[in-house]
Amino acid sequence: MYFERIGLVDENFAYRENMYVGTAGDRIVYIDTVAPSDEQIEMLGERYDGKGKVLMPAFVNSHGHSPMSLLRGYGEGLPLDRWLNELIFPFEAKLYDEAAYWGTLLTMAESIRYGIVSTTDMYDWNDSLVKAVVQAGCKNNIGRAVMNFTDDFVDNKAFNEMVETIRLYDGFDYGKIITDASIHAEYTNNDKSIIAVVEAAKKYDVNMHVHVSETQFEVEGCKERHNGMSPVEYLNSLGVFDQPTVAAHCVWLSDADREILKAKNVTVASNPISNLKLASGICEVQKLYDMGINVGIGTDSASSNNNLDFFEEMKAFANLGKLSAGDAAAMSPDKVLYSATRAGALAQGRNNCGLVKEGFKADLIVVDTEVPNMQPVHDMIYNLVFSASGKDVVLTMCDGKVLYKDGEYKTIDVEKTYAEVETARKTILASL
């Protein structure tokens, strides 16, 4: 595709006007202030008029549970521990493969609509999840979350499925699917299961994904269970952070915790709206930025969010970062955009993604600026973070393939998806 005279968020997350960008195959192959030759244009294919538009990297959702779109609006008004134990876990116990497929496909449709092309997922029913992601044309890091309290770990279903997922799907679909080893959390596992997951991650050389210090209740409970250690200290003592790790939430961190995360090059996946909804707290992102810790942005699930509008997530991420820092100048918009794109790609192990740069994967979105909420423009980067809406996305591309354009989904039958999700929802509720 050939984008002409389009605004651009460049590889340094600065805004440039009237740029020319070309993609071929799955790569970005041309970026310049002048148009390519007629011969080059012919090779690039479809021409896209960029007037009133901005081209930027597609988003990377650093923490999600994709099949949980089935639970959107379910279990409202409860804190995390009651929300999980009284409503979410019982509902999930009734899930089945087809329901997980349609729930994931609905999440992929919503993600594509809002400019997300890659998600770091932690869940179950991985065959169905992979099937839906491939159908949608997206990328995902997929980890089967392990929960275990027993000493006899040999036949643990979740652990065995996690290993099987890694063996079957790591690098699947031309590298679009990457697998992670996943511990649900400190409070849902014992030492033996955590050590087993760490050993598997090292054996298969895959990343780790774990919930960490999401609530004050979790941190206090961990200290009681493990001789005064915080979740970060405890997980580190068992080697969890020896592999590249995405630590989701990290709301309740001490200075010592942050030093460990920095030393171990852990990526923090901040989930601001989910943490607000469940009254879990506010991640102090500016402190992480100041220490040079890689910070991605996650939506968490549609059930604790309740939507996947990534522009909404960025704005909350930025404003809560300012609030927690007590500094209106904190959370510069270029850093926020980096967290929403490049930081997440690096955390996934996708080193050639997350930037508009020649030679990088063509994971791109186009944002319409000729809408009331984007006018006037004093600073386009600020507008993208604080003014834009997911509904301003008019084109989403993953690996050079257009997945959504001007209201049309290219890979997903959304009407059928809505109907199948409703059938699954009713079936599960009837069985509870």
# chains A, B, ... in the order shown; residues from 1 in each chain; ligands from 1
>>> residues_around(residues="A:Ile365", least_positions_apart="4", cutoff="12 Å", atoms="only C-alpha atoms", output="compact mmCIF listing (two decimals) with N, CA and C atoms, in the first residue's frame")
# COMPACT_ATOMS: atom_id res chain seq x y z
N PHE A 3 0.85 5.23 0.99
CA PHE A 3 0.21 6.35 1.67
C PHE A 3 0.87 7.64 1.20
N ILE A 6 0.51 12.11 3.95
CA ILE A 6 -0.14 11.72 5.20
C ILE A 6 0.70 12.20 6.39
N GLY A 7 0.05 12.58 7.49
CA GLY A 7 0.77 12.87 8.72
C GLY A 7 1.36 11.59 9.27
N LEU A 8 2.49 11.70 9.96
CA LEU A 8 3.20 10.50 10.39
C LEU A 8 3.74 10.66 11.81
N VAL A 9 3.53 9.64 12.65
CA VAL A 9 4.24 9.51 13.91
C VAL A 9 5.49 8.69 13.61
N GLY A 50 -3.78 10.55 2.08
CA GLY A 50 -3.59 10.81 3.49
C GLY A 50 -4.07 12.15 3.98
N LYS A 53 -5.33 12.80 7.66
CA LYS A 53 -5.11 11.54 8.36
C LYS A 53 -3.70 11.51 8.99
N VAL A 54 -3.55 10.64 9.99
CA VAL A 54 -2.25 10.40 10.61
C VAL A 54 -1.96 8.91 10.59
N LEU A 55 -0.77 8.55 10.15
CA LEU A 55 -0.30 7.17 10.15
C LEU A 55 0.60 6.96 11.36
N MET A 56 0.36 5.90 12.11
CA MET A 56 1.15 5.64 13.32
C MET A 56 1.28 4.14 13.54
N PRO A 57 2.18 3.72 14.44
CA PRO A 57 2.28 2.28 14.72
C PRO A 57 0.97 1.76 15.31
N ALA A 58 0.62 0.54 14.95
CA ALA A 58 -0.53 -0.11 15.58
C ALA A 58 -0.23 -0.38 17.05
N PHE A 59 -1.27 -0.52 17.83
CA PHE A 59 -1.11 -0.71 19.27
C PHE A 59 -0.78 -2.16 19.62
N VAL A 60 -0.06 -2.32 20.73
CA VAL A 60 0.20 -3.62 21.33
C VAL A 60 -0.44 -3.62 22.72
N SER A 111 -10.52 -5.24 18.97
CA SER A 111 -9.13 -4.81 18.95
C SER A 111 -8.78 -4.15 17.62
N ILE A 112 -9.14 -4.83 16.53
CA ILE A 112 -8.86 -4.30 15.20
C ILE A 112 -9.54 -2.95 15.01
N ARG A 113 -10.77 -2.84 15.46
CA ARG A 113 -11.51 -1.58 15.32
C ARG A 113 -10.80 -0.42 15.99
N TYR A 114 -10.14 -0.72 17.11
CA TYR A 114 -9.47 0.33 17.89
C TYR A 114 -7.96 0.40 17.65
N GLY A 115 -7.47 -0.35 16.67
CA GLY A 115 -6.07 -0.22 16.29
C GLY A 115 -5.09 -1.14 16.98
N ILE A 116 -5.58 -2.14 17.72
CA ILE A 116 -4.70 -3.13 18.38
C ILE A 116 -4.50 -4.31 17.42
N VAL A 117 -3.24 -4.65 17.15
CA VAL A 117 -3.00 -5.80 16.28
C VAL A 117 -2.30 -6.95 17.01
N THR A 341 2.90 1.13 22.06
CA THR A 341 3.31 0.50 20.80
C THR A 341 4.63 -0.25 20.94
N GLY A 354 6.40 -2.25 16.10
CA GLY A 354 6.12 -1.17 17.03
C GLY A 354 6.65 0.19 16.64
N LEU A 355 7.25 0.31 15.47
CA LEU A 355 7.74 1.59 14.97
C LEU A 355 7.37 1.74 13.50
N VAL A 356 7.16 2.98 13.06
CA VAL A 356 7.05 3.24 11.62
C VAL A 356 8.46 3.53 11.14
N GLY A 390 -10.91 5.77 19.90
CA GLY A 390 -10.76 4.58 19.06
C GLY A 390 -11.61 4.62 17.81
N LYS A 391 -12.72 5.32 17.88
CA LYS A 391 -13.61 5.42 16.73
C LYS A 391 -13.03 6.28 15.61
N ASP A 392 -11.90 6.96 15.90
CA ASP A 392 -11.23 7.75 14.86
C ASP A 392 -10.31 6.89 13.99
N VAL A 393 -10.12 5.62 14.36
CA VAL A 393 -9.30 4.72 13.55
C VAL A 393 -10.08 4.34 12.30
N VAL A 394 -9.50 4.59 11.15
CA VAL A 394 -10.19 4.29 9.88
C VAL A 394 -9.51 3.18 9.09
N LEU A 395 -8.32 2.77 9.52
CA LEU A 395 -7.64 1.65 8.85
C LEU A 395 -6.71 0.98 9.85
N THR A 396 -6.74 -0.35 9.86
CA THR A 396 -5.84 -1.14 10.69
C THR A 396 -5.16 -2.19 9.82
N MET A 397 -3.83 -2.24 9.91
CA MET A 397 -3.03 -3.15 9.09
C MET A 397 -2.10 -3.96 9.98
N CYS A 398 -2.02 -5.26 9.74
CA CYS A 398 -1.10 -6.13 10.47
C CYS A 398 -0.25 -6.91 9.48
N ASP A 399 1.07 -6.83 9.62
CA ASP A 399 1.98 -7.49 8.68
C ASP A 399 1.63 -7.16 7.23
N GLY A 400 1.27 -5.91 6.98
CA GLY A 400 0.99 -5.44 5.63
C GLY A 400 -0.37 -5.79 5.08
N LYS A 401 -1.18 -6.50 5.87
CA LYS A 401 -2.52 -6.89 5.42
C LYS A 401 -3.56 -6.00 6.10
N VAL A 402 -4.43 -5.39 5.31
CA VAL A 402 -5.48 -4.54 5.86
C VAL A 402 -6.56 -5.42 6.49
N LEU A 403 -6.81 -5.21 7.79
CA LEU A 403 -7.81 -5.99 8.53
C LEU A 403 -9.12 -5.24 8.69
N TYR A 404 -9.03 -3.91 8.62
CA TYR A 404 -10.22 -3.07 8.82
C TYR A 404 -10.00 -1.78 8.05
N LYS A 405 -11.05 -1.34 7.36
CA LYS A 405 -10.95 -0.08 6.62
C LYS A 405 -12.34 0.53 6.48
N ASP A 406 -12.46 1.76 6.97
CA ASP A 406 -13.68 2.55 6.79
C ASP A 406 -14.96 1.79 7.16
>>> residues_around(residues="stretch 170-172 of chain A", least_positions_apart="4", cutoff="9 Å", atoms="only C-alpha atoms", output="PyMOL selection string")
chain A and resi 130+141-142+165-166+176-180+206
>>> select_by_dssp(residues="stretch 51-118 of chain A", states="alpha helix (DSSP H)", output="number ranges by chain")
A: 80-82, 89-92, 97-113
>>> residues_around(residues="stretch 207-210 of chain A", least_positions_apart="6", cutoff="7 Å", atoms="only C-alpha atoms", output="number ranges by chain")
A: 180-185, 201, 243-248
>>> select_by_dssp(residues="stretch 41-122 of chain A", states="strand (DSSP E)", output="VMD selection string")
chain A and resid 47 to 49 53 to 57 59 to 64 116 to 122
>>> atom_distance(atom1="atom CA of A:Tyr48", atom2="atom CA of A:Asp368")
12.9 Å
>>> atom_distance(atom1="atom CA of A:Asp413", atom2="atom CA of A:Leu129")
16.6 Å
>>> closest_residue(among="A:Ala328, A:Val146, A:Leu320, A:Ile297", to="A:Glu284", atoms="only C-alpha atoms")
A:Leu320
>>> residues_around(residues="A:Tyr187", least_positions_apart="3", cutoff="8 Å", atoms="only C-alpha atoms", output="mmCIF file with N, CA, C and O atoms, in the first residue's frame")
data_model
loop_
_atom_site.group_PDB
_atom_site.id
_atom_site.type_symbol
_atom_site.label_atom_id
_atom_site.label_comp_id
_atom_site.auth_asym_id
_atom_site.auth_seq_id
_atom_site.Cartn_x
_atom_site.Cartn_y
_atom_site.Cartn_z
ATOM 1 N N ASN A 190 1.570 -22.426 44.524
ATOM 2 C CA ASN A 190 2.551 -22.688 45.567
ATOM 3 C C ASN A 190 3.960 -22.712 44.963
ATOM 4 O O ASN A 190 4.133 -22.567 43.755
ATOM 5 N N GLU A 218 -3.546 -8.410 48.103
ATOM 6 C CA GLU A 218 -2.618 -9.423 47.587
ATOM 7 C C GLU A 218 -1.236 -9.266 48.211
ATOM 8 O O GLU A 218 -0.609 -10.255 48.626
ATOM 9 N N GLY A 221 -1.236 -10.229 51.917
ATOM 10 C CA GLY A 221 -1.364 -11.675 52.049
ATOM 11 C C GLY A 221 -0.077 -12.398 51.706
ATOM 12 O O GLY A 221 0.305 -13.377 52.359
ATOM 13 N N CYS A 222 0.612 -11.921 50.673
ATOM 14 C CA CYS A 222 1.881 -12.528 50.278
ATOM 15 C C CYS A 222 2.912 -12.406 51.391
ATOM 16 O O CYS A 222 3.646 -13.357 51.686
#
>>> residues_around(residues="stretch 223-225 of chain A", least_positions_apart="3", cutoff="12 Å", atoms="only C-alpha atoms", output="MDAnalysis selection string")
chainID A and resid 186:187 189:191 213 216:220 228:235
>>> residues_around(residues="A:Thr120", least_positions_apart="4", cutoff="7 Å", atoms="only C-alpha atoms", output="list in words")
Asn61, Ser62, His63, Gly64, Asn140, Asn141 and Ile142 of chain A
>>> closest_atom_pairs(of="stretch 320-358 of chain A", to="stretch 303-315 of chain A", cutoff="9 Å", atoms="only C-alpha atoms", output="tab-separated table")
residue	atom	partner	partner_atom	distance
A:Leu320	CA	A:Lys315	CA	8.4
A:Val336	CA	A:Met314	CA	6.8
A:Leu337	CA	A:Met314	CA	7.7
A:Ser339	CA	A:Met314	CA	8.8
A:Ala340	CA	A:Met314	CA	7.1
>>> closest_residue(among="A:Thr417, A:Asn12, A:Asn236, A:Gln348", to="A:Leu106", atoms="only C-alpha atoms")
A:Thr417
>>> closest_residue(among="A:Phe13, A:Trp125, A:Phe159, A:Phe91", to="A:Ser66", atoms="only C-alpha atoms")
A:Trp125
>>> atom_distance(atom1="atom CA of A:Lys357", atom2="atom CA of A:Ala14")
12.6 Å
>>> closest_residue(among="A:Asn383, A:Asp124, A:Asn373, A:Met68", to="A:Met108", atoms="only C-alpha atoms")
A:Met68
>>> closest_residue(among="A:Gly407, A:Gly344, A:Gly326, A:Gly359", to="A:Gly22", atoms="only C-alpha atoms")
A:Gly359
>>> closest_residue(among="A:Ile273, A:Leu168, A:Leu253, A:Met331", to="A:Ala302", atoms="only C-alpha atoms")
A:Ile273
